[in-house]
file query.cif (mmCIF, N, CA and C atoms)
data_structure
loop_
_atom_site.label_atom_id
_atom_site.label_comp_id
_atom_site.auth_asym_id
_atom_site.auth_seq_id
_atom_site.Cartn_x
_atom_site.Cartn_y
_atom_site.Cartn_z
N ALA Q 12 3.28 -27.65 -20.46
CA ALA Q 12 3.63 -26.78 -19.35
C ALA Q 12 4.36 -27.57 -18.28
N ARG Q 13 5.28 -26.92 -17.65
CA ARG Q 13 6.08 -27.59 -16.63
C ARG Q 13 5.26 -27.90 -15.38
N TYR Q 14 4.36 -26.99 -14.99
CA TYR Q 14 3.51 -27.19 -13.81
C TYR Q 14 2.05 -27.00 -14.23
N PRO Q 15 1.50 -27.91 -15.00
CA PRO Q 15 0.17 -27.71 -15.58
C PRO Q 15 -0.97 -27.64 -14.57
N SER Q 16 -0.80 -28.22 -13.41
CA SER Q 16 -1.91 -28.24 -12.44
C SER Q 16 -1.89 -27.02 -11.51
N GLN Q 17 -0.86 -26.20 -11.59
CA GLN Q 17 -0.77 -25.04 -10.70
C GLN Q 17 -1.21 -23.78 -11.41
N ARG Q 18 -1.86 -22.91 -10.66
CA ARG Q 18 -2.33 -21.64 -11.21
C ARG Q 18 -1.25 -20.56 -11.04
N ILE Q 19 -1.39 -19.53 -11.83
CA ILE Q 19 -0.41 -18.45 -11.89
C ILE Q 19 -0.81 -17.33 -10.93
N ILE Q 20 0.18 -16.79 -10.22
CA ILE Q 20 -0.02 -15.61 -9.37
C ILE Q 20 0.50 -14.40 -10.14
N LEU Q 21 -0.39 -13.43 -10.39
CA LEU Q 21 -0.01 -12.24 -11.15
C LEU Q 21 0.19 -11.06 -10.20
N LEU Q 22 1.37 -10.45 -10.27
CA LEU Q 22 1.69 -9.26 -9.50
C LEU Q 22 2.26 -8.23 -10.47
N SER Q 23 1.68 -7.04 -10.51
CA SER Q 23 2.19 -6.05 -11.46
C SER Q 23 2.06 -4.64 -10.90
N HIS Q 24 2.83 -3.76 -11.50
CA HIS Q 24 2.88 -2.36 -11.06
C HIS Q 24 2.90 -1.46 -12.28
N SER Q 25 2.11 -0.40 -12.23
CA SER Q 25 2.14 0.68 -13.20
C SER Q 25 1.93 0.19 -14.63
N LEU Q 26 2.90 0.39 -15.50
CA LEU Q 26 2.78 0.00 -16.90
C LEU Q 26 2.51 -1.50 -17.06
N GLY Q 27 3.03 -2.31 -16.16
CA GLY Q 27 2.83 -3.75 -16.23
C GLY Q 27 1.39 -4.20 -15.98
N THR Q 28 0.57 -3.31 -15.44
CA THR Q 28 -0.82 -3.70 -15.15
C THR Q 28 -1.65 -3.83 -16.42
N GLY Q 29 -1.24 -3.19 -17.51
CA GLY Q 29 -1.96 -3.35 -18.78
C GLY Q 29 -1.89 -4.77 -19.30
N PRO Q 30 -0.68 -5.31 -19.51
CA PRO Q 30 -0.58 -6.71 -19.93
C PRO Q 30 -1.17 -7.68 -18.90
N THR Q 31 -1.09 -7.33 -17.62
CA THR Q 31 -1.63 -8.20 -16.59
C THR Q 31 -3.15 -8.31 -16.70
N THR Q 32 -3.84 -7.21 -16.94
CA THR Q 32 -5.30 -7.29 -17.10
C THR Q 32 -5.66 -8.07 -18.37
N ALA Q 33 -4.80 -8.00 -19.38
CA ALA Q 33 -5.03 -8.80 -20.59
C ALA Q 33 -4.91 -10.29 -20.25
N LEU Q 34 -3.91 -10.65 -19.44
CA LEU Q 34 -3.76 -12.04 -19.01
C LEU Q 34 -4.94 -12.49 -18.15
N LEU Q 35 -5.42 -11.62 -17.28
CA LEU Q 35 -6.59 -11.94 -16.45
C LEU Q 35 -7.78 -12.33 -17.32
N GLU Q 36 -7.97 -11.59 -18.38
CA GLU Q 36 -9.09 -11.85 -19.29
C GLU Q 36 -8.85 -13.10 -20.13
N LEU Q 37 -7.62 -13.28 -20.58
CA LEU Q 37 -7.29 -14.38 -21.48
C LEU Q 37 -7.19 -15.74 -20.77
N LEU Q 38 -6.53 -15.78 -19.63
CA LEU Q 38 -6.24 -17.06 -18.97
C LEU Q 38 -7.30 -17.51 -17.97
N GLN Q 39 -8.19 -16.62 -17.59
CA GLN Q 39 -9.34 -16.93 -16.75
C GLN Q 39 -9.00 -17.80 -15.54
N ASP Q 40 -9.47 -19.05 -15.51
CA ASP Q 40 -9.32 -19.90 -14.32
C ASP Q 40 -7.91 -20.45 -14.13
N ARG Q 41 -6.96 -20.11 -15.00
CA ARG Q 41 -5.56 -20.52 -14.81
C ARG Q 41 -4.86 -19.57 -13.83
N ILE Q 42 -5.54 -18.49 -13.43
CA ILE Q 42 -4.95 -17.50 -12.53
C ILE Q 42 -5.35 -17.81 -11.09
N ALA Q 43 -4.38 -17.81 -10.20
CA ALA Q 43 -4.65 -18.04 -8.77
C ALA Q 43 -5.17 -16.76 -8.13
N CYS Q 44 -4.50 -15.64 -8.40
CA CYS Q 44 -4.87 -14.35 -7.83
C CYS Q 44 -4.11 -13.27 -8.56
N CYS Q 45 -4.48 -12.03 -8.28
CA CYS Q 45 -3.84 -10.91 -8.98
C CYS Q 45 -3.76 -9.70 -8.06
N ALA Q 46 -2.62 -9.02 -8.10
CA ALA Q 46 -2.44 -7.75 -7.40
C ALA Q 46 -1.99 -6.72 -8.42
N LEU Q 47 -2.75 -5.63 -8.51
CA LEU Q 47 -2.46 -4.54 -9.43
C LEU Q 47 -2.08 -3.30 -8.62
N ALA Q 48 -0.83 -2.89 -8.71
CA ALA Q 48 -0.37 -1.70 -7.99
C ALA Q 48 -0.33 -0.52 -8.94
N MET Q 49 -1.08 0.51 -8.62
CA MET Q 49 -1.19 1.73 -9.39
C MET Q 49 -1.55 1.46 -10.86
N PRO Q 50 -2.61 0.68 -11.09
CA PRO Q 50 -3.00 0.38 -12.48
C PRO Q 50 -3.62 1.60 -13.16
N PHE Q 51 -3.59 1.58 -14.48
CA PHE Q 51 -4.23 2.64 -15.26
C PHE Q 51 -5.51 2.10 -15.89
N GLN Q 52 -6.47 2.97 -16.10
CA GLN Q 52 -7.72 2.54 -16.74
C GLN Q 52 -7.51 2.38 -18.24
N SER Q 53 -6.66 3.21 -18.83
CA SER Q 53 -6.35 3.16 -20.25
C SER Q 53 -5.01 3.85 -20.45
N LEU Q 54 -4.14 3.22 -21.23
CA LEU Q 54 -2.82 3.81 -21.47
C LEU Q 54 -2.94 5.14 -22.20
N ARG Q 55 -3.89 5.24 -23.10
CA ARG Q 55 -4.09 6.51 -23.80
C ARG Q 55 -4.39 7.64 -22.82
N ASP Q 56 -5.23 7.35 -21.84
CA ASP Q 56 -5.56 8.38 -20.86
C ASP Q 56 -4.32 8.84 -20.10
N VAL Q 57 -3.48 7.91 -19.72
CA VAL Q 57 -2.25 8.27 -18.99
C VAL Q 57 -1.33 9.10 -19.87
N ILE Q 58 -1.18 8.70 -21.12
CA ILE Q 58 -0.32 9.46 -22.04
C ILE Q 58 -0.83 10.91 -22.16
N MET Q 59 -2.13 11.06 -22.32
CA MET Q 59 -2.69 12.41 -22.44
C MET Q 59 -2.45 13.23 -21.18
N GLU Q 60 -2.65 12.62 -20.02
CA GLU Q 60 -2.49 13.34 -18.76
C GLU Q 60 -1.04 13.71 -18.48
N VAL Q 61 -0.11 12.77 -18.72
CA VAL Q 61 1.30 13.02 -18.45
C VAL Q 61 1.87 14.08 -19.39
N THR Q 62 1.36 14.14 -20.61
CA THR Q 62 1.86 15.12 -21.58
C THR Q 62 1.00 16.39 -21.59
N LEU Q 63 0.12 16.51 -20.60
CA LEU Q 63 -0.77 17.67 -20.48
C LEU Q 63 -1.56 17.91 -21.78
N TYR Q 64 -1.96 16.82 -22.38
CA TYR Q 64 -2.79 16.81 -23.60
C TYR Q 64 -2.12 17.45 -24.80
N THR Q 65 -0.81 17.66 -24.75
CA THR Q 65 -0.10 18.22 -25.91
C THR Q 65 0.01 17.20 -27.04
N THR Q 66 -0.23 15.94 -26.75
CA THR Q 66 -0.16 14.88 -27.76
C THR Q 66 -1.54 14.54 -28.32
N MET Q 67 -2.52 15.38 -28.07
CA MET Q 67 -3.89 15.10 -28.50
C MET Q 67 -3.98 14.76 -29.99
N ALA Q 68 -3.19 15.38 -30.82
CA ALA Q 68 -3.23 15.10 -32.26
C ALA Q 68 -2.86 13.65 -32.55
N TYR Q 69 -2.13 13.02 -31.64
CA TYR Q 69 -1.69 11.63 -31.83
C TYR Q 69 -2.48 10.64 -30.99
N TYR Q 70 -3.60 11.08 -30.44
CA TYR Q 70 -4.40 10.26 -29.53
C TYR Q 70 -4.66 8.86 -30.10
N TRP Q 71 -5.09 8.77 -31.34
CA TRP Q 71 -5.45 7.47 -31.91
C TRP Q 71 -4.24 6.65 -32.29
N ALA Q 72 -3.06 7.25 -32.33
CA ALA Q 72 -1.85 6.50 -32.65
C ALA Q 72 -1.32 5.72 -31.45
N ALA Q 73 -1.66 6.17 -30.27
CA ALA Q 73 -1.19 5.50 -29.05
C ALA Q 73 -2.00 4.23 -28.81
N PRO Q 74 -1.36 3.17 -28.34
CA PRO Q 74 -2.13 1.96 -28.02
C PRO Q 74 -3.08 2.24 -26.86
N SER Q 75 -4.26 1.67 -26.94
CA SER Q 75 -5.27 1.96 -25.93
C SER Q 75 -5.04 1.23 -24.61
N TRP Q 76 -4.75 -0.06 -24.66
CA TRP Q 76 -4.64 -0.89 -23.46
C TRP Q 76 -5.78 -0.56 -22.48
N PRO Q 77 -7.01 -0.90 -22.84
CA PRO Q 77 -8.18 -0.56 -22.01
C PRO Q 77 -8.34 -1.50 -20.81
N SER Q 78 -7.56 -1.28 -19.80
CA SER Q 78 -7.61 -2.15 -18.61
C SER Q 78 -8.98 -2.17 -17.96
N TYR Q 79 -9.67 -1.03 -17.99
CA TYR Q 79 -10.99 -0.95 -17.37
C TYR Q 79 -12.00 -1.87 -18.07
N LYS Q 80 -11.78 -2.15 -19.35
CA LYS Q 80 -12.66 -3.09 -20.06
C LYS Q 80 -12.21 -4.53 -19.82
N ARG Q 81 -10.91 -4.75 -19.86
CA ARG Q 81 -10.39 -6.12 -19.70
C ARG Q 81 -10.69 -6.69 -18.33
N ILE Q 82 -10.68 -5.85 -17.31
CA ILE Q 82 -10.90 -6.33 -15.94
C ILE Q 82 -12.33 -6.86 -15.78
N GLN Q 83 -13.23 -6.43 -16.65
CA GLN Q 83 -14.60 -6.93 -16.61
C GLN Q 83 -14.68 -8.39 -17.06
N GLY Q 84 -13.71 -8.82 -17.86
CA GLY Q 84 -13.73 -10.18 -18.38
C GLY Q 84 -12.97 -11.19 -17.56
N MET Q 85 -12.51 -10.80 -16.38
CA MET Q 85 -11.76 -11.73 -15.53
C MET Q 85 -12.69 -12.76 -14.91
N ASP Q 86 -12.13 -13.88 -14.50
CA ASP Q 86 -12.87 -14.91 -13.77
C ASP Q 86 -13.21 -14.35 -12.39
N PRO Q 87 -14.49 -14.29 -12.01
CA PRO Q 87 -14.87 -13.70 -10.72
C PRO Q 87 -14.29 -14.43 -9.51
N ALA Q 88 -13.86 -15.66 -9.68
CA ALA Q 88 -13.30 -16.43 -8.56
C ALA Q 88 -11.86 -16.04 -8.24
N VAL Q 89 -11.23 -15.25 -9.10
CA VAL Q 89 -9.83 -14.85 -8.88
C VAL Q 89 -9.78 -13.69 -7.88
N PRO Q 90 -9.14 -13.88 -6.73
CA PRO Q 90 -8.99 -12.78 -5.77
C PRO Q 90 -8.15 -11.65 -6.37
N LEU Q 91 -8.54 -10.42 -6.07
CA LEU Q 91 -7.89 -9.26 -6.67
C LEU Q 91 -7.61 -8.19 -5.61
N ILE Q 92 -6.43 -7.61 -5.69
CA ILE Q 92 -6.07 -6.44 -4.89
C ILE Q 92 -5.74 -5.31 -5.86
N VAL Q 93 -6.26 -4.12 -5.56
CA VAL Q 93 -5.91 -2.92 -6.31
C VAL Q 93 -5.26 -1.96 -5.31
N VAL Q 94 -4.04 -1.51 -5.65
CA VAL Q 94 -3.28 -0.62 -4.78
C VAL Q 94 -3.28 0.78 -5.40
N SER Q 95 -3.56 1.79 -4.57
CA SER Q 95 -3.67 3.16 -5.06
C SER Q 95 -2.94 4.13 -4.13
N ALA Q 96 -2.30 5.14 -4.75
CA ALA Q 96 -1.55 6.14 -3.99
C ALA Q 96 -2.16 7.52 -4.25
N GLY Q 97 -2.53 8.19 -3.18
CA GLY Q 97 -3.20 9.49 -3.29
C GLY Q 97 -2.36 10.59 -3.91
N GLN Q 98 -1.04 10.50 -3.81
CA GLN Q 98 -0.16 11.53 -4.35
C GLN Q 98 0.61 11.03 -5.58
N ASP Q 99 0.04 10.04 -6.25
CA ASP Q 99 0.70 9.45 -7.43
C ASP Q 99 0.95 10.53 -8.48
N GLU Q 100 2.21 10.70 -8.82
CA GLU Q 100 2.60 11.74 -9.77
C GLU Q 100 2.52 11.28 -11.23
N LEU Q 101 2.24 10.00 -11.47
CA LEU Q 101 2.15 9.48 -12.83
C LEU Q 101 0.75 9.02 -13.22
N ILE Q 102 0.11 8.27 -12.35
CA ILE Q 102 -1.21 7.72 -12.65
C ILE Q 102 -2.17 8.16 -11.55
N ALA Q 103 -3.07 9.04 -11.90
CA ALA Q 103 -4.00 9.61 -10.91
C ALA Q 103 -4.85 8.52 -10.26
N PRO Q 104 -5.18 8.68 -8.97
CA PRO Q 104 -5.94 7.67 -8.24
C PRO Q 104 -7.30 7.31 -8.84
N TYR Q 105 -7.89 8.20 -9.64
CA TYR Q 105 -9.18 7.84 -10.22
C TYR Q 105 -9.05 6.64 -11.17
N HIS Q 106 -7.86 6.41 -11.72
CA HIS Q 106 -7.64 5.23 -12.56
C HIS Q 106 -7.85 3.96 -11.75
N GLN Q 107 -7.31 3.93 -10.54
CA GLN Q 107 -7.47 2.74 -9.70
C GLN Q 107 -8.92 2.56 -9.25
N ARG Q 108 -9.59 3.66 -8.97
CA ARG Q 108 -11.01 3.57 -8.60
C ARG Q 108 -11.85 3.04 -9.76
N THR Q 109 -11.48 3.41 -10.99
CA THR Q 109 -12.18 2.89 -12.16
C THR Q 109 -11.95 1.39 -12.31
N ILE Q 110 -10.73 0.95 -12.10
CA ILE Q 110 -10.42 -0.48 -12.16
C ILE Q 110 -11.22 -1.22 -11.10
N ARG Q 111 -11.23 -0.69 -9.88
CA ARG Q 111 -12.00 -1.32 -8.80
C ARG Q 111 -13.49 -1.40 -9.16
N ALA Q 112 -14.03 -0.34 -9.69
CA ALA Q 112 -15.46 -0.30 -10.03
C ALA Q 112 -15.82 -1.26 -11.16
N ASN Q 113 -14.88 -1.53 -12.05
CA ASN Q 113 -15.16 -2.40 -13.20
C ASN Q 113 -14.73 -3.85 -12.99
N ALA Q 114 -14.02 -4.12 -11.91
CA ALA Q 114 -13.51 -5.48 -11.68
C ALA Q 114 -14.65 -6.46 -11.44
N ASN Q 115 -14.54 -7.58 -12.09
CA ASN Q 115 -15.51 -8.66 -11.94
C ASN Q 115 -14.93 -9.69 -10.97
N ALA Q 116 -14.78 -9.28 -9.72
CA ALA Q 116 -14.12 -10.14 -8.73
C ALA Q 116 -15.02 -10.32 -7.51
N ASN Q 117 -15.17 -11.56 -7.09
CA ASN Q 117 -15.94 -11.84 -5.87
C ASN Q 117 -15.17 -11.42 -4.62
N PHE Q 118 -13.84 -11.49 -4.68
CA PHE Q 118 -12.99 -11.06 -3.57
C PHE Q 118 -12.11 -9.93 -4.08
N LEU Q 119 -12.38 -8.72 -3.62
CA LEU Q 119 -11.64 -7.54 -4.08
C LEU Q 119 -11.29 -6.67 -2.87
N ASP Q 120 -10.01 -6.38 -2.74
CA ASP Q 120 -9.56 -5.45 -1.71
C ASP Q 120 -8.94 -4.24 -2.40
N PHE Q 121 -9.23 -3.07 -1.86
CA PHE Q 121 -8.69 -1.82 -2.39
C PHE Q 121 -7.83 -1.19 -1.30
N PHE Q 122 -6.55 -1.07 -1.57
CA PHE Q 122 -5.60 -0.49 -0.62
C PHE Q 122 -5.28 0.93 -1.09
N TYR Q 123 -5.52 1.90 -0.23
CA TYR Q 123 -5.29 3.30 -0.59
C TYR Q 123 -4.61 4.02 0.56
N LEU Q 124 -3.64 4.86 0.21
CA LEU Q 124 -2.97 5.69 1.20
C LEU Q 124 -2.82 7.08 0.59
N ASP Q 125 -3.48 8.05 1.19
CA ASP Q 125 -3.52 9.41 0.64
C ASP Q 125 -2.14 10.04 0.52
N SER Q 126 -1.23 9.72 1.43
CA SER Q 126 0.09 10.36 1.43
C SER Q 126 1.12 9.62 0.56
N ALA Q 127 0.73 8.52 -0.08
CA ALA Q 127 1.68 7.70 -0.85
C ALA Q 127 1.88 8.23 -2.27
N PHE Q 128 3.08 7.93 -2.80
CA PHE Q 128 3.44 8.29 -4.17
C PHE Q 128 3.47 7.03 -5.04
N HIS Q 129 3.81 7.19 -6.30
CA HIS Q 129 3.70 6.12 -7.30
C HIS Q 129 4.43 4.83 -6.91
N ASN Q 130 5.60 4.93 -6.34
CA ASN Q 130 6.38 3.73 -6.02
C ASN Q 130 6.28 3.29 -4.56
N ASP Q 131 5.33 3.83 -3.83
CA ASP Q 131 5.18 3.51 -2.40
C ASP Q 131 4.27 2.31 -2.15
N ILE Q 132 4.48 1.25 -2.88
CA ILE Q 132 3.61 0.07 -2.76
C ILE Q 132 3.67 -0.50 -1.35
N LYS Q 133 4.85 -0.66 -0.82
CA LYS Q 133 5.02 -1.23 0.52
C LYS Q 133 4.26 -0.42 1.56
N GLU Q 134 4.37 0.90 1.50
CA GLU Q 134 3.69 1.76 2.46
C GLU Q 134 2.17 1.61 2.38
N VAL Q 135 1.65 1.50 1.17
CA VAL Q 135 0.20 1.35 0.99
C VAL Q 135 -0.26 -0.01 1.53
N LEU Q 136 0.47 -1.05 1.21
CA LEU Q 136 0.08 -2.40 1.66
C LEU Q 136 0.15 -2.53 3.18
N GLU Q 137 1.05 -1.80 3.81
CA GLU Q 137 1.19 -1.87 5.27
C GLU Q 137 0.01 -1.24 6.00
N THR Q 138 -0.89 -0.56 5.28
CA THR Q 138 -2.05 0.06 5.94
C THR Q 138 -3.05 -0.96 6.42
N ASN Q 139 -3.03 -2.18 5.87
CA ASN Q 139 -3.97 -3.20 6.29
C ASN Q 139 -3.33 -4.58 6.13
N THR Q 140 -2.51 -4.94 7.09
CA THR Q 140 -1.78 -6.21 7.00
C THR Q 140 -2.70 -7.42 7.14
N THR Q 141 -3.82 -7.27 7.84
CA THR Q 141 -4.76 -8.38 7.98
C THR Q 141 -5.38 -8.72 6.63
N ALA Q 142 -5.84 -7.71 5.90
CA ALA Q 142 -6.41 -7.94 4.57
C ALA Q 142 -5.37 -8.50 3.62
N LEU Q 143 -4.14 -8.00 3.72
CA LEU Q 143 -3.06 -8.50 2.87
C LEU Q 143 -2.78 -9.96 3.18
N SER Q 144 -2.76 -10.31 4.45
CA SER Q 144 -2.55 -11.71 4.85
C SER Q 144 -3.66 -12.61 4.32
N ASN Q 145 -4.90 -12.15 4.40
CA ASN Q 145 -6.03 -12.92 3.87
C ASN Q 145 -5.89 -13.13 2.36
N PHE Q 146 -5.46 -12.09 1.65
CA PHE Q 146 -5.25 -12.19 0.21
C PHE Q 146 -4.17 -13.22 -0.11
N VAL Q 147 -3.04 -13.15 0.59
CA VAL Q 147 -1.95 -14.09 0.35
C VAL Q 147 -2.41 -15.52 0.60
N THR Q 148 -3.19 -15.74 1.65
CA THR Q 148 -3.72 -17.07 1.94
C THR Q 148 -4.61 -17.55 0.80
N LYS Q 149 -5.49 -16.68 0.30
CA LYS Q 149 -6.34 -17.05 -0.82
C LYS Q 149 -5.51 -17.37 -2.07
N CYS Q 150 -4.45 -16.59 -2.30
CA CYS Q 150 -3.56 -16.85 -3.44
C CYS Q 150 -2.94 -18.24 -3.35
N LEU Q 151 -2.38 -18.52 -2.19
CA LEU Q 151 -1.71 -19.81 -2.01
C LEU Q 151 -2.69 -20.97 -2.10
N ASP Q 152 -3.86 -20.81 -1.55
CA ASP Q 152 -4.90 -21.87 -1.63
C ASP Q 152 -5.28 -22.13 -3.08
N ARG Q 153 -5.47 -21.07 -3.86
CA ARG Q 153 -5.89 -21.24 -5.26
C ARG Q 153 -4.75 -21.66 -6.19
N SER Q 154 -3.51 -21.47 -5.77
CA SER Q 154 -2.38 -21.76 -6.66
C SER Q 154 -2.11 -23.25 -6.79
N GLN Q 155 -2.61 -24.04 -5.90
CA GLN Q 155 -2.35 -25.49 -5.94
C GLN Q 155 -3.20 -26.22 -6.95
#
call {"tool": "encode", "arguments": {"input": "query.cif", "output": "structure tokens"}}
result
Amino acid sequence: ARYPSQRIILLSHSLGTGPTTALLELLQDRIACCALAMPFQSLRDVIMEVTLYTTMAYYWAAPSWPSYKRIQGMDPAVPLIVVSAGQDELIAPYHQRTIRANANANFLDFFYLDSAFHNDIKEVLETNTTALSNFVTKCLDRSQ
């Protein structure tokens, strides 16, 4: 590795949160911190909801990507932020609450804005700049 002594900072949004939770579980203490914006609890659940369950016959054909299970296997020392939007038109907010409830993190912040939509990450994060600043500090401290 080019920087073997430095930890990785994971930032992901929407579909990218599935692979990110897999990395959290796999790389453990190599992760400095993680921010998940509008994560899903399971890709299958999102597919069913977005298609209004018309794809039910193909339920088992879709990849599961069980983020709610993978987040349980993360290193508890890794600081975590979960970002949620109350008006998310793609991934319902209960997905983010499930991720928060299953996260094995000693430092966990949940950012929620009822009026926000799926891509309104900036607006949600601006609701608590002090907590965001604390998270960034923890990320930078752990990344060294």
call {"tool": "select_by_dssp", "arguments": {"input": "query.cif", "residues": "stretch 16-140 of chain Q", "states": "alpha helix (DSSP H)", "output": "PyMOL selection string"}}
result
chain Q and resi 28-38+54-61+78-81+104-113+132-136+140
call {"tool": "closest_residue", "arguments": {"input": "query.cif", "among": "Q:Tyr64, Q:Phe146, Q:Phe51, Q:Phe128", "to": "Q:Gln98", "atoms": "all atoms listed in the file"}}
result
Q:Phe128
call {"tool": "resolve_selection", "arguments": {"input": "query.cif", "expression": "the PyMOL selection byres ((chain Q and resi 19) around 6.5)", "output": "mmCIF file with N, CA and C atoms, in the frame of the given file"}}
result
data_model
loop_
_atom_site.group_PDB
_atom_site.id
_atom_site.type_symbol
_atom_site.label_atom_id
_atom_site.label_comp_id
_atom_site.auth_asym_id
_atom_site.auth_seq_id
_atom_site.Cartn_x
_atom_site.Cartn_y
_atom_site.Cartn_z
ATOM 1 N N GLN Q 17 -0.860 -26.200 -11.590
ATOM 2 C CA GLN Q 17 -0.770 -25.040 -10.700
ATOM 3 C C GLN Q 17 -1.210 -23.780 -11.410
ATOM 4 N N ARG Q 18 -1.860 -22.910 -10.660
ATOM 5 C CA ARG Q 18 -2.330 -21.640 -11.210
ATOM 6 C C ARG Q 18 -1.250 -20.560 -11.040
ATOM 7 N N ILE Q 20 0.180 -16.790 -10.220
ATOM 8 C CA ILE Q 20 -0.020 -15.610 -9.370
ATOM 9 C C ILE Q 20 0.500 -14.400 -10.140
ATOM 10 N N LEU Q 21 -0.390 -13.430 -10.390
ATOM 11 C CA LEU Q 21 -0.010 -12.240 -11.150
ATOM 12 C C LEU Q 21 0.190 -11.060 -10.200
ATOM 13 N N ARG Q 41 -6.960 -20.110 -15.000
ATOM 14 C CA ARG Q 41 -5.560 -20.520 -14.810
ATOM 15 C C ARG Q 41 -4.860 -19.570 -13.830
ATOM 16 N N ILE Q 42 -5.540 -18.490 -13.430
ATOM 17 C CA ILE Q 42 -4.950 -17.500 -12.530
ATOM 18 C C ILE Q 42 -5.350 -17.810 -11.090
ATOM 19 N N ALA Q 43 -4.380 -17.810 -10.200
ATOM 20 C CA ALA Q 43 -4.650 -18.040 -8.770
ATOM 21 C C ALA Q 43 -5.170 -16.760 -8.130
ATOM 22 N N CYS Q 44 -4.500 -15.640 -8.400
ATOM 23 C CA CYS Q 44 -4.870 -14.350 -7.830
ATOM 24 C C CYS Q 44 -4.110 -13.270 -8.560
ATOM 25 N N SER Q 154 -3.510 -21.470 -5.770
ATOM 26 C CA SER Q 154 -2.380 -21.760 -6.660
ATOM 27 C C SER Q 154 -2.110 -23.250 -6.790
#
call {"tool": "residues_around", "arguments": {"input": "query.cif", "residues": "Q:Tyr79", "least_positions_apart": "5", "cutoff": "6 Å", "atoms": "only N, CA and C atoms", "output": "short mmCIF file (atom, residue, chain, number, x, y, z; two decimals) with N, CA and C atoms, keeping the file's coordinate frame"}}
result
data_model
loop_
_atom_site.label_atom_id
_atom_site.label_comp_id
_atom_site.auth_asym_id
_atom_site.auth_seq_id
_atom_site.Cartn_x
_atom_site.Cartn_y
_atom_site.Cartn_z
N PHE Q 51 -3.59 1.58 -14.48
CA PHE Q 51 -4.23 2.64 -15.26
C PHE Q 51 -5.51 2.10 -15.89
N GLN Q 52 -6.47 2.97 -16.10
CA GLN Q 52 -7.72 2.54 -16.74
C GLN Q 52 -7.51 2.38 -18.24
N SER Q 53 -6.66 3.21 -18.83
CA SER Q 53 -6.35 3.16 -20.25
C SER Q 53 -5.01 3.85 -20.45
N THR Q 109 -11.48 3.41 -10.99
CA THR Q 109 -12.18 2.89 -12.16
C THR Q 109 -11.95 1.39 -12.31
N ILE Q 110 -10.73 0.95 -12.10
CA ILE Q 110 -10.42 -0.48 -12.16
C ILE Q 110 -11.22 -1.22 -11.10
N ASN Q 113 -14.88 -1.53 -12.05
CA ASN Q 113 -15.16 -2.40 -13.20
C ASN Q 113 -14.73 -3.85 -12.99
#
call {"tool": "select_by_dssp", "arguments": {"input": "query.cif", "residues": "chain Q", "states": "strand (DSSP E or B)", "output": "ChimeraX atom specification"}}
result
/Q:19-24,42-48,91-96,119-124
call {"tool": "resolve_selection", "arguments": {"input": "query.cif", "expression": "the PyMOL selection byres (((chain Q and resi 45 and name CA) around 12) and name CA)", "output": "VMD selection string"}}
result
chain Q and resid 18 to 24 28 31 to 36 38 to 44 46 to 48 50 82 85 to 94 114 116 118 to 120 146 to 147 149 to 151 153 to 154
call {"tool": "atom_distance", "arguments": {"input": "query.cif", "atom1": "atom CA of Q:Glu134", "atom2": "atom CA of Q:Pro30"}}
result
24.3 Å
call {"tool": "closest_residue", "arguments": {"input": "query.cif", "among": "Q:Thr66, Q:Arg81, Q:His106, Q:Thr148", "to": "Q:Leu37", "atoms": "only N, CA and C atoms"}}
result
Q:Arg81
call {"tool": "closest_residue", "arguments": {"input": "query.cif", "among": "Q:Asn130, Q:Ser95, Q:Thr141, Q:Gln83", "to": "Q:Asn117", "atoms": "only C-alpha atoms"}}
result
Q:Gln83
call {"tool": "axis_aligned_box", "arguments": {"input": "query.cif", "around": "stretch 37-54 of chain Q", "padding_each_side": "3 Å", "output": "JSON"}}
result
{"center_x": -4.9, "center_y": -7.7, "center_z": -14.8, "size_x": 15.1, "size_y": 31.7, "size_z": 20.8}
call {"tool": "residues_near_point", "arguments": {"input": "query.cif", "point": "(3.1, 8.3, -15.5)", "cutoff": "6.5 Å", "atoms": "only N, CA and C atoms", "output": "list in words"}}
result
Val57, Val61, Glu100, Leu101 and Ile102 of chain Q
call {"tool": "atom_distance", "arguments": {"input": "query.cif", "atom1": "atom CA of Q:Gly29", "atom2": "atom CA of Q:Gln107"}}
result
12.2 Å
call {"tool": "atom_distance", "arguments": {"input": "query.cif", "atom1": "atom CA of Q:Pro104", "atom2": "atom N of Q:Gly84"}}
result
20.6 Å
call {"tool": "closest_residue", "arguments": {"input": "query.cif", "among": "Q:Tyr69, Q:Ile132, Q:Ser78, Q:Arg111", "to": "Q:Leu26", "atoms": "only C-alpha atoms"}}
result
Q:Ser78
call {"tool": "closest_residue", "arguments": {"input": "query.cif", "among": "Q:Glu137, Q:Met59, Q:Leu54, Q:His129", "to": "Q:Trp76", "atoms": "all atoms listed in the file"}}
result
Q:Leu54
